[in-house]
$ cat input.cif   # mmCIF, C-alpha atoms
data_my_file
#
loop_
_atom_site.label_atom_id
_atom_site.label_comp_id
_atom_site.auth_asym_id
_atom_site.auth_seq_id
_atom_site.Cartn_x
_atom_site.Cartn_y
_atom_site.Cartn_z
CA MET A 1 32.53 -16.04 -27.74
CA SER A 2 36.24 -15.55 -27.74
CA PRO A 3 38.11 -18.56 -29.17
CA ALA A 4 40.40 -18.49 -26.14
CA PHE A 5 37.47 -18.62 -23.77
CA ASN A 6 37.14 -21.96 -22.06
CA PRO A 7 33.74 -22.38 -20.47
CA ILE A 8 35.01 -25.07 -18.13
CA ASP A 9 38.04 -23.41 -16.68
CA ASP A 10 37.06 -22.66 -13.08
CA ALA A 11 36.38 -25.04 -10.23
CA LYS A 12 32.64 -24.38 -10.09
CA SER A 13 32.12 -24.98 -13.76
CA ARG A 14 34.32 -28.06 -13.69
CA CYS A 15 32.23 -29.40 -10.84
CA CYS A 16 29.00 -28.70 -12.71
CA PHE A 17 30.16 -30.19 -15.96
CA TYR A 18 31.59 -33.18 -14.12
CA LEU A 19 28.27 -33.73 -12.41
CA LEU A 20 26.51 -33.44 -15.74
CA GLY A 21 28.90 -36.05 -17.15
CA GLU A 22 30.18 -33.63 -19.75
CA LEU A 23 33.92 -33.77 -19.07
CA ASP A 24 35.94 -35.80 -21.51
CA GLU A 25 37.83 -38.82 -20.24
CA ALA A 26 41.11 -37.02 -19.59
CA ASP A 27 39.46 -34.10 -17.79
CA ARG A 28 37.30 -36.47 -15.78
CA LEU A 29 40.29 -38.50 -14.57
CA ARG A 30 42.16 -35.34 -13.71
CA PHE A 31 39.16 -34.00 -11.85
CA GLU A 32 38.66 -37.22 -9.87
CA THR A 33 42.34 -37.39 -8.94
CA GLU A 34 42.14 -33.85 -7.69
CA LEU A 35 38.93 -34.60 -5.87
CA GLY A 36 40.65 -37.24 -3.73
CA SER A 37 43.25 -34.81 -2.50
CA SER A 38 41.29 -31.59 -2.22
CA PRO A 39 38.59 -31.28 0.41
CA GLU A 40 37.88 -27.78 -0.95
CA LEU A 41 37.07 -29.22 -4.34
CA ALA A 42 34.94 -31.87 -2.64
CA ASP A 43 33.04 -29.14 -0.80
CA GLU A 44 32.61 -27.21 -4.01
CA LEU A 45 31.34 -30.34 -5.71
CA VAL A 46 28.64 -30.75 -3.07
CA CYS A 47 27.63 -27.09 -3.45
CA GLN A 48 27.31 -27.47 -7.20
CA ALA A 49 25.47 -30.77 -6.75
CA ASP A 50 22.96 -28.94 -4.57
CA LEU A 51 22.62 -26.20 -7.17
CA LEU A 52 22.00 -28.68 -9.96
CA LEU A 53 19.52 -30.64 -7.88
CA ALA A 54 17.65 -27.47 -7.02
CA VAL A 55 17.60 -26.37 -10.65
CA ALA A 56 16.45 -29.83 -11.69
CA ASP A 57 13.64 -29.68 -9.14
CA ALA A 58 12.67 -26.19 -10.23
CA THR A 59 12.71 -26.98 -13.94
CA THR A 60 10.70 -30.12 -13.32
CA THR A 61 8.12 -28.09 -11.45
CA ALA A 62 8.25 -25.33 -14.03
CA ARG A 63 7.79 -27.90 -16.76
CA SER A 64 4.83 -29.26 -14.92
CA ILE A 65 3.07 -25.97 -15.65
CA PRO A 66 1.37 -27.73 -18.57
CA VAL A 67 -0.11 -29.83 -15.81
CA ALA A 68 -2.18 -26.72 -15.11
CA ALA A 69 -3.48 -27.09 -18.60
CA ARG A 70 -4.27 -30.67 -17.76
CA GLU A 71 -6.20 -29.37 -14.77
CA GLN A 72 -8.52 -27.39 -17.05
CA PRO A 73 -10.77 -30.36 -17.82
CA VAL A 74 -10.95 -30.99 -14.10
CA LEU A 75 -12.03 -27.39 -13.54
CA ARG A 76 -14.48 -27.65 -16.39
CA ARG A 77 -15.89 -30.79 -14.82
CA ALA A 78 -16.26 -28.92 -11.54
CA TYR A 79 -18.12 -26.08 -13.26
CA VAL A 80 -20.42 -28.56 -14.98
CA ALA A 81 -21.03 -30.30 -11.67
CA VAL A 82 -21.92 -26.98 -10.01
CA LEU A 83 -24.23 -26.05 -12.90
CA LEU A 84 -25.90 -29.43 -12.70
CA ALA A 85 -26.35 -29.03 -8.97
CA VAL A 86 -27.91 -25.57 -9.44
CA ALA A 87 -30.18 -26.91 -12.17
CA ALA A 88 -31.23 -29.78 -9.94
CA CYS A 89 -32.01 -27.35 -7.12
CA LEU A 90 -34.12 -25.21 -9.46
CA LEU A 91 -35.93 -28.27 -10.73
CA VAL A 92 -36.68 -29.43 -7.20
CA ALA A 93 -37.88 -25.94 -6.28
CA VAL A 94 -40.18 -25.67 -9.32
CA VAL A 95 -41.58 -29.16 -8.82
CA GLY A 96 -42.05 -28.44 -5.15
CA VAL A 97 -43.99 -25.22 -5.82
CA ASN A 98 -46.18 -26.99 -8.37
CA GLN A 99 -46.76 -29.74 -5.88
CA VAL A 100 -47.85 -27.17 -3.28
CA HIS A 101 -50.27 -25.58 -5.74
CA GLN A 102 -51.61 -28.99 -6.65
CA ASN A 103 -52.07 -29.77 -2.98
CA ASP A 104 -53.96 -26.51 -2.51
CA ALA A 105 -56.24 -27.21 -5.43
CA GLU A 106 -56.73 -30.76 -4.32
CA GLU A 107 -57.48 -29.64 -0.81
CA LEU A 108 -60.01 -27.13 -2.11
CA LEU A 109 -61.71 -29.85 -4.12
CA ILE A 110 -61.86 -32.11 -1.08
CA ALA A 111 -63.22 -29.23 0.95
CA GLN A 112 -65.89 -28.49 -1.62
CA ALA A 113 -66.84 -32.16 -1.81
CA TRP A 114 -67.02 -32.33 1.94
CA ALA A 115 -69.02 -29.13 2.06
CA ASP A 116 -71.42 -30.42 -0.57
CA ASN A 117 -71.88 -33.49 1.55
CA ILE A 118 -72.51 -31.31 4.59
CA ASN A 119 -75.03 -29.24 2.64
CA SER A 120 -76.90 -32.30 1.62
CA VAL A 121 -76.92 -33.50 5.20
CA ILE A 122 -78.15 -30.11 6.36
CA ALA A 123 -80.81 -30.03 3.72
CA THR A 124 -82.18 -33.36 4.82
CA SER A 125 -81.86 -32.74 8.53
CA THR A 126 -84.49 -31.31 10.81
CA GLN A 127 -82.09 -28.75 12.15
CA PRO A 128 -83.53 -25.20 11.94
CA VAL A 129 -82.09 -22.94 9.30
CA ALA A 130 -81.41 -20.33 11.96
CA GLU A 131 -78.74 -22.53 13.46
CA ILE A 132 -77.09 -22.80 10.14
CA THR A 133 -77.10 -19.05 9.77
CA VAL A 134 -75.48 -18.85 13.20
CA VAL A 135 -72.73 -21.01 11.88
CA GLU A 136 -72.50 -18.66 8.91
CA ASP A 137 -72.27 -15.65 11.21
CA ASP A 138 -69.57 -17.27 13.28
CA LEU A 139 -67.52 -18.10 10.27
CA SER A 140 -67.99 -14.87 8.37
CA PRO A 141 -64.44 -13.59 9.18
CA LEU A 142 -63.09 -16.61 7.38
CA ASP A 143 -64.58 -15.44 4.10
CA SER A 144 -61.47 -13.52 3.37
CA ILE A 145 -59.09 -16.41 3.98
CA ALA A 146 -57.05 -17.01 0.87
CA VAL A 147 -56.83 -20.46 -0.56
CA ASP A 148 -53.05 -20.41 -0.10
CA SER A 149 -53.43 -20.21 3.63
CA VAL A 150 -55.72 -23.22 3.84
CA GLU A 151 -52.86 -25.59 4.37
CA THR A 152 -51.52 -23.78 7.43
CA ASP A 153 -53.85 -25.58 9.78
CA SER A 154 -55.12 -29.09 9.25
CA PHE A 155 -58.73 -28.07 10.08
CA ASP A 156 -58.80 -24.71 8.34
CA TRP A 157 -59.95 -26.20 5.09
CA MET A 158 -63.11 -27.40 6.81
CA PHE A 159 -64.02 -23.91 7.89
CA VAL A 160 -63.26 -22.55 4.47
CA ALA A 161 -65.37 -25.28 2.96
CA VAL A 162 -68.26 -24.51 5.27
CA SER A 163 -67.91 -20.84 4.46
CA GLU A 164 -67.74 -21.51 0.71
CA SER A 165 -70.68 -23.82 0.81
CA SER A 166 -72.70 -21.31 2.83
CA HIS A 167 -72.06 -18.66 0.21
CA GLY A 168 -72.65 -21.02 -2.66
CA GLY A 169 -75.53 -22.81 -1.06
CA MET B 170 32.86 -54.46 -0.97
CA SER B 171 31.22 -52.49 -3.72
CA GLU B 172 31.02 -55.70 -5.76
CA LEU B 173 27.71 -57.26 -4.94
CA PRO B 174 27.16 -60.98 -4.87
CA PRO B 175 24.64 -62.08 -7.48
CA GLU B 176 22.10 -63.12 -4.87
CA ASN B 177 22.26 -59.78 -3.08
CA PRO B 178 18.74 -58.44 -2.37
CA THR B 179 19.59 -55.18 -4.11
CA GLU B 180 19.91 -57.14 -7.34
CA LYS B 181 16.25 -58.01 -6.99
CA LEU B 182 15.36 -54.37 -6.39
CA LEU B 183 17.29 -53.35 -9.46
CA ASP B 184 15.48 -55.94 -11.52
CA GLU B 185 12.11 -54.73 -10.22
CA SER B 186 12.91 -51.12 -10.93
CA GLY B 187 13.46 -51.93 -14.58
CA ASP B 188 16.36 -49.49 -14.54
CA GLU B 189 19.08 -51.98 -13.79
CA GLY B 190 21.15 -51.20 -16.83
CA ASN B 191 20.96 -47.44 -16.29
CA PHE B 192 21.75 -47.64 -12.60
CA ARG B 193 24.54 -50.16 -13.05
CA GLN B 194 26.10 -48.06 -15.79
CA LEU B 195 25.70 -44.89 -13.77
CA PHE B 196 27.18 -46.41 -10.67
CA ASP B 197 30.10 -47.87 -12.59
CA ASP B 198 30.74 -44.44 -14.09
CA VAL B 199 30.41 -42.52 -10.88
CA SER B 200 31.87 -44.86 -8.27
CA PRO B 201 35.53 -43.87 -8.90
CA GLY B 202 34.63 -40.24 -8.36
CA LEU B 203 32.43 -41.08 -5.39
CA ARG B 204 35.20 -43.16 -3.85
CA ARG B 205 37.67 -40.30 -4.17
CA PHE B 206 35.12 -37.83 -2.91
CA LEU B 207 34.46 -39.98 0.15
CA ALA B 208 38.17 -40.54 0.65
CA SER B 209 38.58 -36.78 0.99
CA ARG B 210 36.12 -36.83 3.86
CA LEU B 211 36.73 -40.11 5.63
CA ASP B 212 39.99 -41.49 7.02
CA GLN B 213 39.50 -45.21 6.68
CA ILE B 214 39.10 -46.96 3.37
CA CYS B 215 36.63 -49.40 4.97
CA ASP B 216 34.47 -46.42 5.98
CA VAL B 217 34.65 -45.16 2.42
CA GLU B 218 33.44 -48.51 1.16
CA ASP B 219 30.66 -48.64 3.74
CA CYS B 220 29.42 -45.21 2.68
CA LEU B 221 29.71 -46.17 -0.96
CA GLN B 222 27.57 -49.19 -0.26
CA ALA B 223 24.99 -46.98 1.47
CA VAL B 224 24.98 -44.66 -1.55
CA PHE B 225 24.40 -47.62 -3.81
CA VAL B 226 21.49 -48.84 -1.70
CA ALA B 227 20.00 -45.32 -1.70
CA MET B 228 20.33 -45.20 -5.46
CA VAL B 229 18.52 -48.51 -5.84
CA GLN B 230 15.77 -47.50 -3.46
CA HIS B 231 15.22 -43.88 -4.42
CA GLY B 232 17.27 -43.12 -7.53
CA GLY B 233 14.34 -43.73 -9.83
CA ASN B 234 12.70 -40.58 -8.50
CA VAL B 235 15.63 -38.43 -9.62
CA GLY B 236 15.87 -36.99 -13.11
CA VAL B 237 18.51 -38.64 -15.26
CA ALA B 238 20.50 -35.46 -15.78
CA SER B 239 20.77 -34.77 -12.06
CA ARG B 240 21.47 -38.31 -10.86
CA ARG B 241 25.20 -37.77 -10.52
CA ALA B 242 24.61 -34.63 -8.52
CA TRP B 243 22.15 -36.53 -6.36
CA LEU B 244 24.61 -39.37 -5.78
CA PHE B 245 27.27 -36.92 -4.59
CA ARG B 246 24.74 -35.26 -2.31
CA VAL B 247 23.84 -38.67 -0.88
CA ALA B 248 27.53 -39.45 -0.45
CA ALA B 249 28.01 -36.15 1.38
CA ASN B 250 25.07 -36.99 3.63
CA GLU B 251 26.42 -40.46 4.31
CA SER B 252 29.85 -39.14 5.23
CA ALA B 253 28.26 -36.53 7.49
CA ARG B 254 26.14 -39.22 9.08
CA PHE B 255 29.26 -41.29 9.64
CA TRP B 256 30.87 -38.44 11.57
CA ARG B 257 27.73 -37.82 13.52
CA LYS B 258 27.68 -41.44 14.56
CA LYS B 259 31.21 -41.10 15.78
CA SER B 260 30.41 -38.05 17.75
CA ALA B 261 30.08 -38.70 21.46
CA THR B 262 27.39 -36.06 21.71
CA ASP B 263 25.28 -37.67 19.07
CA LYS B 264 25.76 -41.03 20.70
CA MET B 265 24.36 -39.59 23.89
CA LEU B 266 21.46 -37.98 22.04
CA ALA B 267 20.83 -41.15 20.14
CA ALA B 268 20.47 -42.99 23.41
CA ASN B 269 17.66 -40.67 24.40
CA ARG B 270 15.73 -40.31 21.21
CA ARG B 271 15.03 -42.26 18.12
CA SER B 272 17.33 -41.53 15.23
CA ASP B 273 14.50 -40.94 12.79
CA VAL B 274 13.02 -38.33 15.09
CA ALA B 275 16.39 -36.63 15.39
CA GLN B 276 16.77 -36.47 11.64
CA SER B 277 13.38 -35.03 10.86
CA ASP B 278 13.15 -31.28 10.76
CA PRO B 279 9.58 -30.01 10.54
CA ALA B 280 10.77 -26.82 8.86
CA GLU B 281 12.58 -28.69 6.12
CA PRO B 282 9.67 -28.98 3.65
CA ILE B 283 8.91 -25.28 4.08
CA ILE B 284 12.54 -24.31 3.52
CA ARG B 285 12.74 -26.60 0.54
CA GLU B 286 9.60 -25.14 -0.97
CA GLU B 287 10.88 -21.62 -0.41
CA THR B 288 14.22 -22.50 -2.02
CA LEU B 289 12.44 -24.03 -4.97
CA ARG B 290 10.32 -20.93 -5.37
CA SER B 291 13.42 -18.73 -5.31
CA ILE B 292 15.22 -20.84 -7.86
CA ARG B 293 12.18 -20.93 -10.06
CA ALA B 294 12.01 -17.16 -9.93
CA ALA B 295 15.74 -16.96 -10.67
CA ILE B 296 15.33 -19.23 -13.68
CA GLU B 297 12.44 -17.08 -14.88
CA GLY B 298 14.77 -14.11 -14.60
CA LEU B 299 17.28 -15.62 -17.00
CA THR B 300 17.31 -14.71 -20.66
CA SER B 301 15.37 -17.04 -22.90
CA GLU B 302 18.60 -18.51 -24.32
CA TYR B 303 19.85 -19.43 -20.87
CA ARG B 304 16.52 -20.79 -19.80
CA ASP B 305 16.36 -22.83 -22.95
CA ILE B 306 19.76 -24.40 -22.39
CA ILE B 307 18.92 -25.28 -18.81
CA GLN B 308 15.66 -26.86 -19.82
CA LEU B 309 17.23 -28.86 -22.60
CA ARG B 310 20.21 -30.04 -20.60
CA ILE B 311 18.74 -30.64 -17.17
CA HIS B 312 15.11 -31.34 -17.84
CA GLU B 313 15.29 -33.10 -21.19
CA ASN B 314 18.74 -34.56 -20.54
CA LEU B 315 20.12 -33.71 -23.97
CA THR B 316 23.90 -33.62 -24.26
CA PHE B 317 25.49 -30.31 -25.14
CA GLN B 318 26.31 -31.70 -28.56
CA GLN B 319 22.65 -32.57 -29.11
CA ILE B 320 21.63 -29.13 -27.90
CA ALA B 321 24.12 -27.50 -30.22
CA ASP B 322 22.77 -29.52 -33.13
CA LYS B 323 19.19 -28.82 -32.22
CA ARG B 324 19.69 -25.07 -31.88
CA ASN B 325 22.21 -24.76 -34.70
CA ILE B 326 24.85 -23.24 -32.47
CA PRO B 327 28.49 -24.24 -31.89
CA LEU B 328 29.17 -26.63 -29.04
CA GLY B 329 31.24 -23.97 -27.29
CA THR B 330 28.29 -21.60 -27.36
CA ALA B 331 26.06 -24.20 -25.75
CA LEU B 332 28.66 -24.83 -23.04
CA THR B 333 29.16 -21.13 -22.47
CA ARG B 334 25.44 -20.46 -22.17
CA MET B 335 25.14 -23.25 -19.63
CA ARG B 336 28.04 -21.97 -17.65
CA ARG B 337 26.74 -18.40 -17.64
CA ALA B 338 23.25 -19.52 -16.76
CA LEU B 339 24.59 -21.49 -13.82
CA ASP B 340 26.84 -18.57 -12.83
CA GLN B 341 23.83 -16.29 -12.72
CA LEU B 342 21.82 -18.74 -10.68
CA ARG B 343 24.76 -19.31 -8.37
CA ASN B 344 25.24 -15.58 -7.87
CA GLN B 345 21.62 -15.29 -6.78
CA PHE B 346 22.27 -17.69 -3.96
CA GLU B 347 25.88 -16.90 -3.14
CA PRO B 348 25.84 -13.09 -3.28
CA ASP B 349 28.56 -12.61 -0.68
CA GLU B 350 31.03 -14.87 -2.36
CA GLU B 351 33.96 -13.18 -4.17
#

$ encode --input "input.cif" --output "structure tokens"
Amino acid sequence: MSPAFNPIDDAKSRCCFYLLGELDEADRLRFETELGSSPELADELVCQADLLLAVADATTTARSIPVAAREQPVLRRAYVAVLLAVAACLLVAVVGVNQVHQNDAEELLIAQAWADNINSVIATSTQPVAEITVVEDDLSPLDSIAVDSVETDSFDWMFVAVSESSHGG
Amino acid sequence: MSELPPENPTEKLLDESGDEGNFRQLFDDVSPGLRRFLASRLDQICDVEDCLQAVFVAMVQHGGNVGVASRRAWLFRVAANESARFWRKKSATDKMLAANRRSDVAQSDPAEPIIREETLRSIRAAIEGLTSEYRDIIQLRIHENLTFQQIADKRNIPLGTALTRMRRALDQLRNQFEPDEE
């Protein structure tokens, strides 16, 4: 910097430094006296005030960039929440599938118990065996029904049970 | 008129803000300049005092939201707004418009937040475009409100260098937004 260089020598800089409160007492009084008689200087002062306010706003916002760093835990919390939600969904799905399998097995057991009961009734009844075989013939297509499909109809398990018991019995 | 009676409601606001000392000191410092500034724009001394009073009230109500380093600038902007509002009130056209619509509706411009945001973005980009030394001086002076002497001490540079950097930084920013001037 040249020793002769005065950084506060033009109107704009004087306005800025005045607004920043950086003029010494003598310069400040001179500036204010001039301000009262010069609408141009007053206009310039407003322009520089706007510039400083805008810079202040911008630097405040720019400085709030670390706020982004403060947002990281929030993001992390969001990720954890999403992961927890996904884990919960998987858990529900697994439990649900197990429950379905349990239901199938349980239903098969009930069917077998029911069929056993039927067999015992048949064995003690006077009904001819031929009629029972008719039942077997009618139900023969159901032999291939998979256990998984038993639950599709509320009465299917009975037919499966009858079929199973016929084969077993 | 600028002297407030002790029981003035604004005294209570100042007390509640917890910034009474700062605001009082600031206003005492700035009011001579504000008075002269307003005198350059208004004809009657009573109008000057009315506007000064309005600036004071605005400072009490909203000044706490303004950074310390830019409070003087803000006060002069408020004073400019108040003087402009004074002339608008005197305008026959505005009187007619005011009769037909509410003043708050007339003053609100829906595009204003967008324009403001755009201006902020531009200035932010302009500040990013400065050299690191200029950015540093702007941050220290305007954001952290250090005096130039404190900045000079902190950065181990002469006071003149700190002042010059600030001036050149502001010149560059100004040139970005006043390209046609000079």

$ resolve_selection --input "input.cif" --expression "the PyMOL selection byres ((chain A) within 9 of (chain B))" --output "PyMOL selection string"
chain A and resi 1+3+5-8+12-13+16-22+28-29+31-39+41-43+45-63

$ atom_distance --input "input.cif" --atom1 "atom CA of Asn325 of chain B" --atom2 "atom CA of Ser301 of chain B"
15.7 Å

$ atom_distance --input "input.cif" --atom1 "atom CA of Phe192 of chain B" --atom2 "atom CA of Gln319 of chain B"
22.4 Å

$ atom_distance --input "input.cif" --atom1 "atom CA of Trp114 of chain A" --atom2 "atom CA of Gly96 of chain A"
26.2 Å

$ closest_residue --input "input.cif" --among "B:Leu315, B:Cys220, B:Val229, B:Ala338" --to "Thr300 of chain B" --atoms "all atoms listed in the file"
B:Ala338
